[in-house]
Structure formats: structure tokens, C-alpha cells
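> Below is the file query-v1.csv, which contains CSV, C-alpha atoms.
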chain,number,residue,atom,x,y,z
D,1,MET,CA,-56.2,-41.9,-50.7
D,2,LYS,CA,-58.9,-39.7,-49.4
D,3,ARG,CA,-58.6,-41.4,-46.0
D,4,ARG,CA,-54.8,-40.6,-46.0
D,5,PHE,CA,-55.5,-37.1,-46.9
D,6,LEU,CA,-58.0,-36.6,-44.1
D,7,LEU,CA,-55.6,-38.2,-41.6
D,8,ARG,CA,-52.9,-35.8,-42.7
D,9,ARG,CA,-55.3,-32.9,-42.3
D,10,ALA,CA,-56.2,-34.1,-38.8
D,11,ALA,CA,-52.6,-34.5,-37.8
D,12,ALA,CA,-51.8,-31.0,-39.0
D,13,ALA,CA,-54.7,-29.6,-37.1
D,14,ILE,CA,-53.7,-31.4,-33.9
D,15,ALA,CA,-50.0,-30.2,-34.3
D,16,ALA,CA,-51.1,-26.6,-34.8
D,17,ALA,CA,-53.2,-26.7,-31.7
D,18,ALA,CA,-50.4,-28.3,-29.6
D,19,PHE,CA,-47.6,-26.2,-30.9
D,20,PRO,CA,-48.7,-22.7,-31.9
D,21,LEU,CA,-46.1,-21.0,-34.0
D,22,VAL,CA,-45.0,-17.5,-33.0
D,23,PRO,CA,-42.4,-15.9,-35.3
D,24,VAL,CA,-39.3,-14.9,-33.4
D,25,TRP,CA,-39.0,-11.7,-35.4
D,26,SER,CA,-42.4,-10.6,-34.3
D,27,GLY,CA,-41.2,-7.1,-33.7
D,28,ALA,CA,-41.8,-7.3,-30.0
D,29,ALA,CA,-39.0,-5.8,-27.9
D,30,ILE,CA,-36.7,-8.5,-26.4
D,31,ALA,CA,-34.9,-7.8,-23.1
D,32,LYS,CA,-31.2,-8.3,-23.3
D,33,ARG,CA,-29.3,-8.4,-20.0
D,34,ARG,CA,-25.6,-7.4,-20.1
D,35,GLU,CA,-22.7,-7.9,-17.8
D,36,HIS,CA,-20.3,-5.0,-17.0
D,37,ARG,CA,-16.9,-5.0,-15.3
D,38,VAL,CA,-15.5,-2.4,-13.0
D,39,GLU,CA,-11.8,-2.7,-12.3
D,40,ILE,CA,-10.5,-1.4,-9.0
D,41,GLY,CA,-6.9,-0.4,-9.2
D,42,ASP,CA,-4.6,2.4,-7.8
D,43,PHE,CA,-7.5,3.4,-5.6
D,44,GLU,CA,-9.8,4.1,-8.5
D,45,PHE,CA,-12.9,2.6,-9.9
D,46,SER,CA,-12.6,2.2,-13.7
D,47,PRO,CA,-14.8,3.2,-15.4
D,48,ALA,CA,-15.7,5.9,-12.9
D,49,ALA,CA,-19.0,6.4,-14.6
D,50,LEU,CA,-20.8,3.3,-16.0
D,51,GLU,CA,-24.0,3.2,-18.1
D,52,VAL,CA,-26.2,0.2,-17.1
D,53,SER,CA,-29.8,-0.8,-17.4
D,54,VAL,CA,-32.2,-2.5,-15.0
D,55,GLY,CA,-31.6,-6.2,-15.3
D,56,ASP,CA,-27.9,-5.9,-16.0
D,57,THR,CA,-25.1,-7.3,-13.7
D,58,ILE,CA,-22.1,-5.4,-12.6
D,59,ILE,CA,-18.9,-7.2,-11.6
D,60,TRP,CA,-16.3,-5.4,-9.5
D,61,VAL,CA,-12.7,-6.9,-9.5
D,62,ASN,CA,-10.1,-5.7,-7.0
D,63,HIS,CA,-6.5,-5.5,-8.3
D,64,ASP,CA,-5.0,-3.5,-5.4
D,65,ILE,CA,-3.0,-5.0,-2.5
D,66,THR,CA,-5.5,-3.4,0.0
D,67,PRO,CA,-9.1,-4.5,0.4
D,68,HIS,CA,-11.8,-2.3,-1.0
D,69,THR,CA,-15.6,-2.2,-1.2
D,70,ALA,CA,-18.1,-0.7,-3.6
D,71,THR,CA,-20.9,0.6,-1.4
D,72,ALA,CA,-23.9,2.6,-2.5
D,73,THR,CA,-24.1,6.1,-0.9
D,74,ASP,CA,-27.8,5.6,-0.2
D,75,GLY,CA,-27.1,2.2,1.4
D,76,SER,CA,-29.1,0.2,-1.2
D,77,TRP,CA,-26.3,-2.2,-2.1
D,78,ASP,CA,-22.8,-3.2,-1.0
D,79,THR,CA,-20.3,-5.7,-2.4
D,80,GLY,CA,-18.8,-6.3,1.0
D,81,GLU,CA,-15.0,-6.5,1.5
D,82,LEU,CA,-13.1,-7.4,-1.7
D,83,ALA,CA,-9.6,-8.7,-1.0
D,84,ASN,CA,-6.9,-8.6,-3.7
D,85,GLY,CA,-8.0,-10.6,-6.6
D,86,ALA,CA,-11.6,-11.0,-5.4
D,87,GLU,CA,-14.7,-10.1,-7.3
D,88,ALA,CA,-18.4,-9.4,-6.5
D,89,ARG,CA,-21.6,-9.2,-8.5
D,90,ILE,CA,-24.5,-6.8,-8.1
D,91,ALA,CA,-27.7,-7.1,-10.1
D,92,VAL,CA,-29.1,-3.8,-11.2
D,93,THR,CA,-32.7,-3.2,-10.2
D,94,ALA,CA,-35.1,-0.2,-10.2
D,95,ASN,CA,-34.0,0.5,-6.6
D,96,THR,CA,-30.2,0.4,-7.2
D,97,GLY,CA,-28.5,3.6,-5.9
D,98,SER,CA,-26.4,5.3,-8.5
D,99,ASP,CA,-23.6,7.0,-6.4
D,100,TYR,CA,-21.1,4.7,-4.7
D,101,PHE,CA,-17.8,4.8,-2.9
D,102,CYS,CA,-15.2,2.6,-1.1
D,103,ALA,CA,-16.3,2.3,2.5
D,104,PHE,CA,-12.6,1.8,3.5
D,105,HIS,CA,-11.2,4.6,1.4
D,106,PRO,CA,-13.9,7.4,1.1
D,107,VAL,CA,-11.8,9.3,-1.5
D,108,MET,CA,-12.7,6.6,-4.0
D,109,LYS,CA,-16.0,7.5,-5.6
D,110,ALA,CA,-17.9,6.5,-8.8
D,111,LEU,CA,-21.4,6.4,-10.2
D,112,LEU,CA,-23.8,4.3,-12.2
D,113,ALA,CA,-25.9,5.9,-14.9
D,114,ILE,CA,-28.9,3.6,-14.7
D,115,SER,CA,-31.5,3.3,-17.5
D,116,LYS,CA,-34.8,2.1,-16.1
D,117,SER,CA,-35.6,0.4,-19.4
D,118,ALA,CA,-34.4,-3.2,-19.7
D,119,THR,CA,-34.7,-3.2,-23.6
D,120,HIS,CA,-32.0,-2.4,-26.1
N,1,MET,CA,20.5,15.5,-2.2
N,2,LYS,CA,22.1,15.2,1.3
N,3,GLN,CA,20.2,18.3,2.5
N,4,LYS,CA,16.9,16.8,1.3
N,5,LEU,CA,17.8,13.5,3.0
N,6,LEU,CA,18.6,15.2,6.3
N,7,PHE,CA,15.3,17.1,5.9
N,8,ALA,CA,13.3,13.9,5.4
N,9,VAL,CA,15.0,12.2,8.4
N,10,SER,CA,14.3,15.3,10.5
N,11,LEU,CA,10.6,15.2,9.5
N,12,LEU,CA,10.4,11.5,10.5
N,13,ALA,CA,12.3,12.4,13.7
N,14,LEU,CA,9.8,15.1,14.5
N,15,ALA,CA,6.9,12.7,14.0
N,16,MET,CA,8.6,9.8,15.8
N,17,GLN,CA,10.7,11.7,18.3
N,18,VAL,CA,13.8,10.0,16.7
N,19,THR,CA,17.2,11.7,17.2
N,20,PRO,CA,19.0,11.3,13.9
N,21,SER,CA,22.5,10.1,14.3
N,22,PRO,CA,25.0,11.8,11.9
N,23,ALA,CA,26.9,8.6,11.7
N,24,GLN,CA,24.0,6.5,10.3
N,25,SER,CA,21.9,7.5,7.3
N,26,PRO,CA,18.8,5.9,5.9
N,27,ALA,CA,20.4,6.3,2.5
N,28,ASP,CA,23.1,3.8,3.6
N,29,LEU,CA,20.5,1.1,4.3
N,30,ASN,CA,20.4,-1.9,2.0
N,31,ASP,CA,17.2,-3.4,0.5
N,32,LEU,CA,16.6,-5.9,3.4
N,33,GLN,CA,17.2,-3.2,6.0
N,34,ILE,CA,14.7,-0.9,4.2
N,35,ALA,CA,12.2,-3.7,4.0
N,36,HIS,CA,12.5,-4.2,7.7
N,37,VAL,CA,12.0,-0.5,8.4
N,38,ALA,CA,8.8,-0.6,6.3
N,39,TYR,CA,7.6,-3.7,8.2
N,40,VAL,CA,8.2,-2.1,11.5
N,41,ALA,CA,6.6,1.2,10.4
N,42,ASP,CA,3.5,-0.8,9.3
N,43,ASN,CA,3.3,-2.6,12.6
N,44,ILE,CA,3.6,0.6,14.5
N,45,ASP,CA,0.7,2.1,12.7
N,46,ILE,CA,-1.3,-1.1,13.3
N,47,ARG,CA,-0.5,-0.7,17.0
N,48,TYR,CA,-1.7,2.9,17.1
N,49,ALA,CA,-4.9,1.8,15.3
N,50,HIS,CA,-5.6,-0.9,18.0
N,51,LEU,CA,-5.1,1.8,20.7
N,52,ALA,CA,-7.5,4.1,18.9
N,53,LEU,CA,-10.2,1.3,18.7
N,54,ALA,CA,-9.7,0.7,22.4
N,55,ILE,CA,-9.8,4.3,23.6
N,56,SER,CA,-11.8,6.4,21.1
N,57,SER,CA,-15.5,6.3,20.7
N,58,ASN,CA,-15.5,8.6,17.6
N,59,PRO,CA,-16.8,6.8,14.5
N,60,ALA,CA,-14.4,8.7,12.1
N,61,ILE,CA,-11.5,7.6,14.2
N,62,HIS,CA,-12.7,4.0,14.3
N,63,GLU,CA,-13.2,3.9,10.5
N,64,PHE,CA,-9.7,5.2,9.9
N,65,ALA,CA,-8.1,2.9,12.5
N,66,ARG,CA,-9.8,-0.2,10.9
N,67,THR,CA,-8.6,0.9,7.5
N,68,MET,CA,-5.0,1.3,8.9
N,69,ILE,CA,-5.2,-2.3,10.3
N,70,ARG,CA,-6.5,-3.7,7.0
N,71,ASP,CA,-4.2,-1.9,4.7
N,72,HIS,CA,-0.9,-2.1,6.7
N,73,THR,CA,-1.6,-5.8,7.3
N,74,ALA,CA,-2.1,-6.4,3.6
N,75,VAL,CA,1.1,-4.6,2.7
N,76,ASN,CA,3.1,-6.6,5.3
N,77,GLU,CA,1.7,-9.8,3.9
N,78,GLN,CA,2.9,-8.9,0.4
N,79,ALA,CA,6.3,-7.9,1.8
N,80,LEU,CA,6.7,-11.2,3.7
N,81,GLU,CA,5.7,-13.1,0.5
N,82,LEU,CA,8.2,-11.3,-1.5
N,83,LEU,CA,11.0,-11.9,1.0
N,84,LYS,CA,10.1,-15.5,1.1
N,85,LYS,CA,10.2,-15.6,-2.7
N,86,LEU,CA,13.6,-13.9,-2.6
N,87,GLU,CA,14.7,-16.3,0.1
N,88,ALA,CA,15.8,-13.3,2.2
N,89,LYS,CA,15.3,-12.3,5.8
N,90,PRO,CA,14.7,-8.7,6.8
N,91,GLN,CA,17.5,-7.0,8.7
N,92,ASP,CA,17.1,-5.0,11.9
N,93,ASN,CA,18.9,-1.7,11.9
N,94,PHE,CA,19.4,1.7,13.6
N,95,LEU,CA,16.3,3.2,12.1
N,96,SER,CA,13.9,0.3,12.7
N,97,LYS,CA,15.1,0.1,16.3
N,98,GLN,CA,14.7,3.8,16.9
N,99,LEU,CA,11.2,3.7,15.3
N,100,SER,CA,10.2,0.9,17.6
N,101,GLU,CA,11.6,2.5,20.8
N,102,ASN,CA,10.0,5.8,20.2
N,103,SER,CA,6.6,4.3,19.2
N,104,VAL,CA,6.5,2.8,22.7
N,105,LYS,CA,6.8,6.3,24.2
N,106,LEU,CA,4.1,7.6,21.9
N,107,VAL,CA,1.7,4.7,22.8
N,108,ASP,CA,2.4,5.5,26.5
N,109,GLU,CA,1.6,9.2,25.9
N,110,MET,CA,-1.6,8.6,23.9
N,111,SER,CA,-2.9,5.9,26.3
N,112,GLN,CA,-3.0,8.6,29.0
N,113,LEU,CA,-5.5,10.6,27.0
N,114,ARG,CA,-9.2,10.3,26.7
N,115,GLY,CA,-12.1,11.7,24.7
N,116,ALA,CA,-11.5,14.6,22.3
N,117,ALA,CA,-7.9,15.0,23.5
N,118,PHE,CA,-7.1,11.5,22.4
N,119,ASP,CA,-8.9,11.8,19.1
N,120,ARG,CA,-7.0,15.0,18.2
N,121,ARG,CA,-3.6,13.6,19.2
N,122,TYR,CA,-4.2,10.3,17.3
N,123,ALA,CA,-5.4,12.2,14.2
N,124,GLU,CA,-2.6,14.7,14.2
N,125,ASN,CA,0.0,12.0,14.8
N,126,GLU,CA,-1.4,9.9,11.9
N,127,LEU,CA,-1.1,12.9,9.6
N,128,ALA,CA,2.4,13.8,10.7
N,129,TYR,CA,3.5,10.1,10.7
N,130,HIS,CA,2.2,9.4,7.2
N,131,LYS,CA,3.7,12.7,5.8
N,132,ALA,CA,7.1,11.9,7.2
N,133,VAL,CA,7.1,8.2,6.1
N,134,ASN,CA,5.9,9.1,2.6
N,135,ASP,CA,8.6,11.7,2.3
N,136,LEU,CA,11.3,9.2,3.4
N,137,VAL,CA,9.9,6.4,1.2
N,138,GLY,CA,9.4,8.6,-1.9
N,139,ASN,CA,12.6,10.6,-1.7
N,140,THR,CA,15.1,8.3,0.0
N,141,PHE,CA,14.1,4.6,0.0
N,142,ILE,CA,12.7,4.2,-3.4
N,143,PRO,CA,15.6,5.9,-5.2
N,144,ASN,CA,18.0,3.7,-3.3
N,145,ILE,CA,16.3,0.3,-3.5
N,146,GLU,CA,18.2,-2.0,-5.9
N,147,ASN,CA,15.9,-5.0,-6.3
N,148,ALA,CA,13.1,-4.3,-8.9
N,149,GLU,CA,10.4,-6.3,-7.1
N,150,VAL,CA,11.2,-4.6,-3.7
N,151,LYS,CA,11.1,-1.2,-5.5
N,152,ALA,CA,7.7,-2.1,-7.1
N,153,LEU,CA,6.3,-3.1,-3.8
N,154,PHE,CA,7.4,0.2,-2.2
N,155,GLU,CA,6.0,2.2,-5.1
N,156,ALA,CA,2.6,0.4,-4.6
N,157,GLY,CA,3.0,1.0,-0.8
N,158,LEU,CA,3.6,4.7,-1.3
N,159,LYS,CA,0.4,5.1,-3.3
N,160,ILE,CA,-1.5,3.5,-0.4
N,161,PHE,CA,0.2,5.6,2.2
N,162,LYS,CA,-0.6,8.8,0.2
N,163,VAL,CA,-4.2,7.9,0.3
N,164,HIS,CA,-3.9,7.4,4.1
N,165,GLU,CA,-2.3,10.8,4.4
N,166,HIS,CA,-5.3,12.4,2.6
N,167,HIS,CA,-7.7,10.3,4.8
N,168,ALA,CA,-5.8,11.5,7.9
N,169,GLU,CA,-6.2,15.1,6.7
N,170,MET,CA,-10.0,14.6,6.5
N,171,MET,CA,-9.9,12.9,10.0
N,172,VAL,CA,-8.0,15.9,11.5
N,173,LYS,CA,-10.6,18.3,10.1
N,174,ALA,CA,-13.4,16.0,11.4
N,175,VAL,CA,-12.1,15.9,15.0
N,176,SER,CA,-11.1,19.6,15.1
N,177,ASN,CA,-14.8,20.8,14.6
Could the structure of this file be written out as C-alpha cells, please?


Amino acid sequence: MKRRFLLRRAAAAIAAAAFPLVPVWSGAAIAKRREHRVEIGDFEFSPAALEVSVGDTIIWVNHDITPHTATATDGSWDTGELANGAEARIAVTANTGSDYFCAFHPVMKALLAISKSATH
Amino acid sequence: MKQKLLFAVSLLALAMQVTPSPAQSPADLNDLQIAHVAYVADNIDIRYAHLALAISSNPAIHEFARTMIRDHTAVNEQALELLKKLEAKPQDNFLSKQLSENSVKLVDEMSQLRGAAFDRRYAENELAYHKAVNDLVGNTFIPNIENAEVKALFEAGLKIFKVHEHHAEMMVKAVSN
């Protein structure tokens, strides 16, 4: 009986050492990455102003007949040519430029409101 | 309505050096003839764009010309797909023939020019051409097209060409400075 008790205690001690428990509700901030969609249609980016955070991903989808791009004004990122129906993804980093336009149709402009914090 | 139509044709005539014949009116064209006029008009602008890429060294002109090639090619591909779906063939007509004949003269004229003179002529022609075509498409073709899908394509095309018109305005200002 005593021996069984001691064996159980030893097993518990080994388990605790091998698998330390950390409560998931520790109160520490958890980064949550989001995906956002920008629809390109009738020569407009929609939404024209998009709130994003570092770590998020933005997906541009072209619904127009003509090809478009989404190109940062400061040159920091570019989706490349998007044909009708095509989409492209850009990951938001601390260096992602906020203003962008269509390199083929400069009248098309939009912006990203980038939050530097990745927490929500 | 007839006065407005004659005005639209005159505008296009001015841009394309087309002499409107009183016996033939764009309003009398059927859907397949209208589709062919649009196809020819697209190809004419593509031809002008290739000429600009060959002659001009201005980056603004090159950007515009490349956009014209991309966009007009995309519209033509949609038009051809639609005609295939409708099992129809476009029909040549007085207007598409006149546009073609006169574009040859304009290409000949522009190809003699160089430098800033070419850039200005190309930019001004693009603005005048798009204004005239947009007026004809918006005020004559679209109201007269009977097939709903053909009409929808022309409506989408008109949005594209209005953006081109605005872009051409910017280009004219850029090469005039």
C-alpha cells in the first residue's frame, strides 16, 4: 500500500516535470491574425480605406474585365497584374506602405490604416 | 434625338477624319454590326498604342499605351467570347470600314512625327478619340442594342473607356508641360 502510494507520487512528480501546466487563460495577450478582402470592381478598391494590423493578410480580388494591380505608392509591396477573377495576397508587416493605387489605372487609389500592434 | 446622333457622328468624324454619309446612320446598325464597330475601334487603339511604344520615349506615354493594349485586348476577348456563346459572327459595315480606312491615314501621319511632337499628337488624339467613341457608345449604341448581354458588355466597356478618357486628359497635361 505504502509502496503503491510512493510509486504514484513519483509518477506524478515525473509527469509534472515533463509536462508543465500553463493555464491558457493566463491573461497574457494572444496574437490573432486576420484575413481581409478588398474587392476590385468598376475601377474602385472596396473598401477604399481598410483597417489592418501587422501580421494580418490582405486578399485583393479583381472582378473587372480589365487587369489591375494594387501597388504601394512607396514601392514597398505590389500584387502584380491581376486578371479578371484573379486574386493576390499580401502579408502586413511593419514596413508595409499604407497608400496604394492601380499601376495601370492611376485614378484608382486606396489606403491601409495599419495598426502596429498585432494583438486584439 | 436625330440632332444629337448627328452631333455624335460628327464628333467621331472629327476624331477619325470620317465623312458621315447622310444615307447611313449608326442608329441603323444592328447588334452584330455594332459589335464589329467596337471590335475595330478597340483594335485601332491597340494599333496606335503599339506605334506609341515604338516611337515615343516618354514614360507617361508608354504607361498609357500599355494600359490601352491590356484593356482593349481584354474587352475584345470578352466580346469574342460573347459572340461565340451567342453563335453569332460580327458584321462588317460602313462605319467599321470608315474607321479602319481613316485609322491607316492617322497611323501614317503620326509615324512621321518624333519626340515631343509625336507625344502631343498621340495624347491629343487619344483624348479626342475616347471622347468621340464614348459619346457614340453612350448616346447611340447602348440605347439601340437589343440583346441584353451585348448591352451589358457595352455598358461595362463604356465605364472602362471613360477611365481611359480621364487618363488621356492627365496624359495631355503631362506632355504639354

> Would you kindly return, as a PDB file with C-alpha atoms, keeping the file's coordinate frame, each protein, DNA or RNA residue with an atom no farther than 10 Å from any atom of N:Leu51, considering only C-alpha atoms and excluding same-chain residues fewer than 3 positions away?


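Printed below is part_14.pdb as written:
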ATOM      1  CA  ASP N  45       0.700   2.100  12.700  1.00  0.00           C
ATOM      2  CA  ILE N  46      -1.300  -1.100  13.300  1.00  0.00           C
ATOM      3  CA  ARG N  47      -0.500  -0.700  17.000  1.00  0.00           C
ATOM      4  CA  TYR N  48      -1.700   2.900  17.100  1.00  0.00           C
ATOM      5  CA  ALA N  54      -9.700   0.700  22.400  1.00  0.00           C
ATOM      6  CA  ILE N  55      -9.800   4.300  23.600  1.00  0.00           C
ATOM      7  CA  SER N  56     -11.800   6.400  21.100  1.00  0.00           C
ATOM      8  CA  ALA N  65      -8.100   2.900  12.500  1.00  0.00           C
ATOM      9  CA  VAL N 107       1.700   4.700  22.800  1.00  0.00           C
ATOM     10  CA  MET N 110      -1.600   8.600  23.900  1.00  0.00           C
ATOM     11  CA  SER N 111      -2.900   5.900  26.300  1.00  0.00           C
ATOM     12  CA  TYR N 122      -4.200  10.300  17.300  1.00  0.00           C
TER      13      TYR N 122
END

> So the first atom is atom CA of N:Ala117 and the second is atom CA of N:Ala49; what is the distance between them in Å, to one decimal place?

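Going from atom CA of N:Ala117 over to atom CA of N:Ala49 covers 15.8 Å.
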
> Give the answer as one residue: which of D:Ile59, D:Leu50, D:Ala103, D:Ala83 has the shortest atom-to-atom distance to D:Thr71, using all atoms listed in the file?

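Among the listed residues, D:Ala103 lies closest to D:Thr71.
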
> For N:Asn147, please output as a compact mmCIF listing (two decimals) with C-alpha atoms, keeping the file's coordinate frame all residues within 10 Å (counting only C-alpha atoms; exclusion window: fewer than 6 positions along the same chain).


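See selection.txt below for the written result:
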# COMPACT_ATOMS: atom_id res chain seq x y z
CA ASN N 30 20.40 -1.90 2.00
CA ASP N 31 17.20 -3.40 0.50
CA LEU N 32 16.60 -5.90 3.40
CA LEU N 86 13.60 -13.90 -2.60

> Which residues of chain N sit at most 10 Å from chain D, using only C-alpha atoms? Give each one's shortest atom pair and distance in Å (one decimal place), in chain and ascending residue order, as a Markdown table.


| residue | atom | partner | partner_atom | distance |
| --- | --- | --- | --- | --- |
| N:Glu63 | CA | D:Phe104 | CA | 7.3 |
| N:Phe64 | CA | D:Phe104 | CA | 7.8 |
| N:Arg66 | CA | D:Phe104 | CA | 8.2 |
| N:Thr67 | CA | D:Phe104 | CA | 5.7 |
| N:Met68 | CA | D:Phe104 | CA | 9.3 |
| N:Arg70 | CA | D:Thr66 | CA | 7.1 |
| N:Asp71 | CA | D:Thr66 | CA | 5.1 |
| N:His72 | CA | D:Thr66 | CA | 8.2 |
| N:Thr73 | CA | D:Thr66 | CA | 8.6 |
| N:Ala74 | CA | D:Thr66 | CA | 5.8 |
| N:Val75 | CA | D:Ile65 | CA | 6.6 |
| N:Glu77 | CA | D:Ile65 | CA | 9.3 |
| N:Gln78 | CA | D:Ile65 | CA | 7.6 |
| N:Leu153 | CA | D:Ile65 | CA | 9.6 |
| N:Ala156 | CA | D:Ile65 | CA | 8.1 |
| N:Gly157 | CA | D:Ile65 | CA | 8.7 |
| N:Lys159 | CA | D:Asp42 | CA | 7.2 |
| N:Ile160 | CA | D:Phe43 | CA | 7.9 |
| N:Val163 | CA | D:His105 | CA | 7.8 |
| N:His164 | CA | D:His105 | CA | 8.3 |
| N:His166 | CA | D:Val107 | CA | 8.3 |
| N:His167 | CA | D:His105 | CA | 7.5 |
| N:Met170 | CA | D:Val107 | CA | 9.8 |

> With distances taken over only C-alpha atoms, which of N:Leu127, N:Leu106, N:Val40, N:Ala60 is nearest to N:Asn76?

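Of all the options, N:Val40 lies closest to N:Asn76.
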
> Suppose you want the space between atom CA of D:Ala94 and atom CA of D:Val54; what is it in Å?

6.1 Å

> Which of these residues is nearest to D:Phe101, using all atoms listed in the file: D:Glu51, D:Asp78, D:Glu87, D:Glu35?

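Residue with the minimum atom-to-atom distance to D:Phe101: D:Asp78.
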
> Would you pick out the contacts of N:Lys151 at 9 Å or less, using all atoms listed in the file, so that residues sharing its chain but fewer than 5 positions from it are not included, and give the list as a short mmCIF file (atom, residue, chain, number, x, y, z; two decimals) with C-alpha atoms, in the frame of the given file?


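Output file part17.cif is given in full below:
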data_model
loop_
_atom_site.label_atom_id
_atom_site.label_comp_id
_atom_site.auth_asym_id
_atom_site.auth_seq_id
_atom_site.Cartn_x
_atom_site.Cartn_y
_atom_site.Cartn_z
CA ASP N 31 17.20 -3.40 0.50
CA PHE N 141 14.10 4.60 0.00
CA ILE N 142 12.70 4.20 -3.40
CA PRO N 143 15.60 5.90 -5.20
CA ASN N 144 18.00 3.70 -3.30
CA ILE N 145 16.30 0.30 -3.50
CA GLU N 146 18.20 -2.00 -5.90
CA ALA N 156 2.60 0.40 -4.60
#

> List every protein, DNA or RNA residue that has an atom no more than 8 Å from (-16.2, -2.4, -15.0) in the file's coordinate frame, counting all atoms listed in the file, and report them as a PDB file with C-alpha atoms, keeping the file's coordinate frame.


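Listed below is the output, result03.pdb:
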ATOM      1  CA  HIS D  36     -20.300  -5.000 -17.000  1.00  0.00           C
ATOM      2  CA  ARG D  37     -16.900  -5.000 -15.300  1.00  0.00           C
ATOM      3  CA  VAL D  38     -15.500  -2.400 -13.000  1.00  0.00           C
ATOM      4  CA  GLU D  39     -11.800  -2.700 -12.300  1.00  0.00           C
ATOM      5  CA  PHE D  45     -12.900   2.600  -9.900  1.00  0.00           C
ATOM      6  CA  SER D  46     -12.600   2.200 -13.700  1.00  0.00           C
ATOM      7  CA  PRO D  47     -14.800   3.200 -15.400  1.00  0.00           C
ATOM      8  CA  LEU D  50     -20.800   3.300 -16.000  1.00  0.00           C
ATOM      9  CA  ILE D  58     -22.100  -5.400 -12.600  1.00  0.00           C
ATOM     10  CA  ILE D  59     -18.900  -7.200 -11.600  1.00  0.00           C
ATOM     11  CA  TRP D  60     -16.300  -5.400  -9.500  1.00  0.00           C
ATOM     12  CA  VAL D  61     -12.700  -6.900  -9.500  1.00  0.00           C
TER      13      VAL D  61
END

> N:Lys131: which residues within 10 Å, counting only C-alpha atoms, same-chain residues fewer than 2 positions away excluded, as a list of chain:residue names?

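The filter keeps N:Ala8, N:Leu11, N:Leu12, N:Ala15, N:Asn125, N:Glu126, N:Leu127, N:Ala128, N:Tyr129, N:Val133, N:Asn134, N:Asp135, N:Leu136, N:Val137, N:Phe161, N:Lys162, N:His164, N:Glu165, N:His166, N:Ala168.
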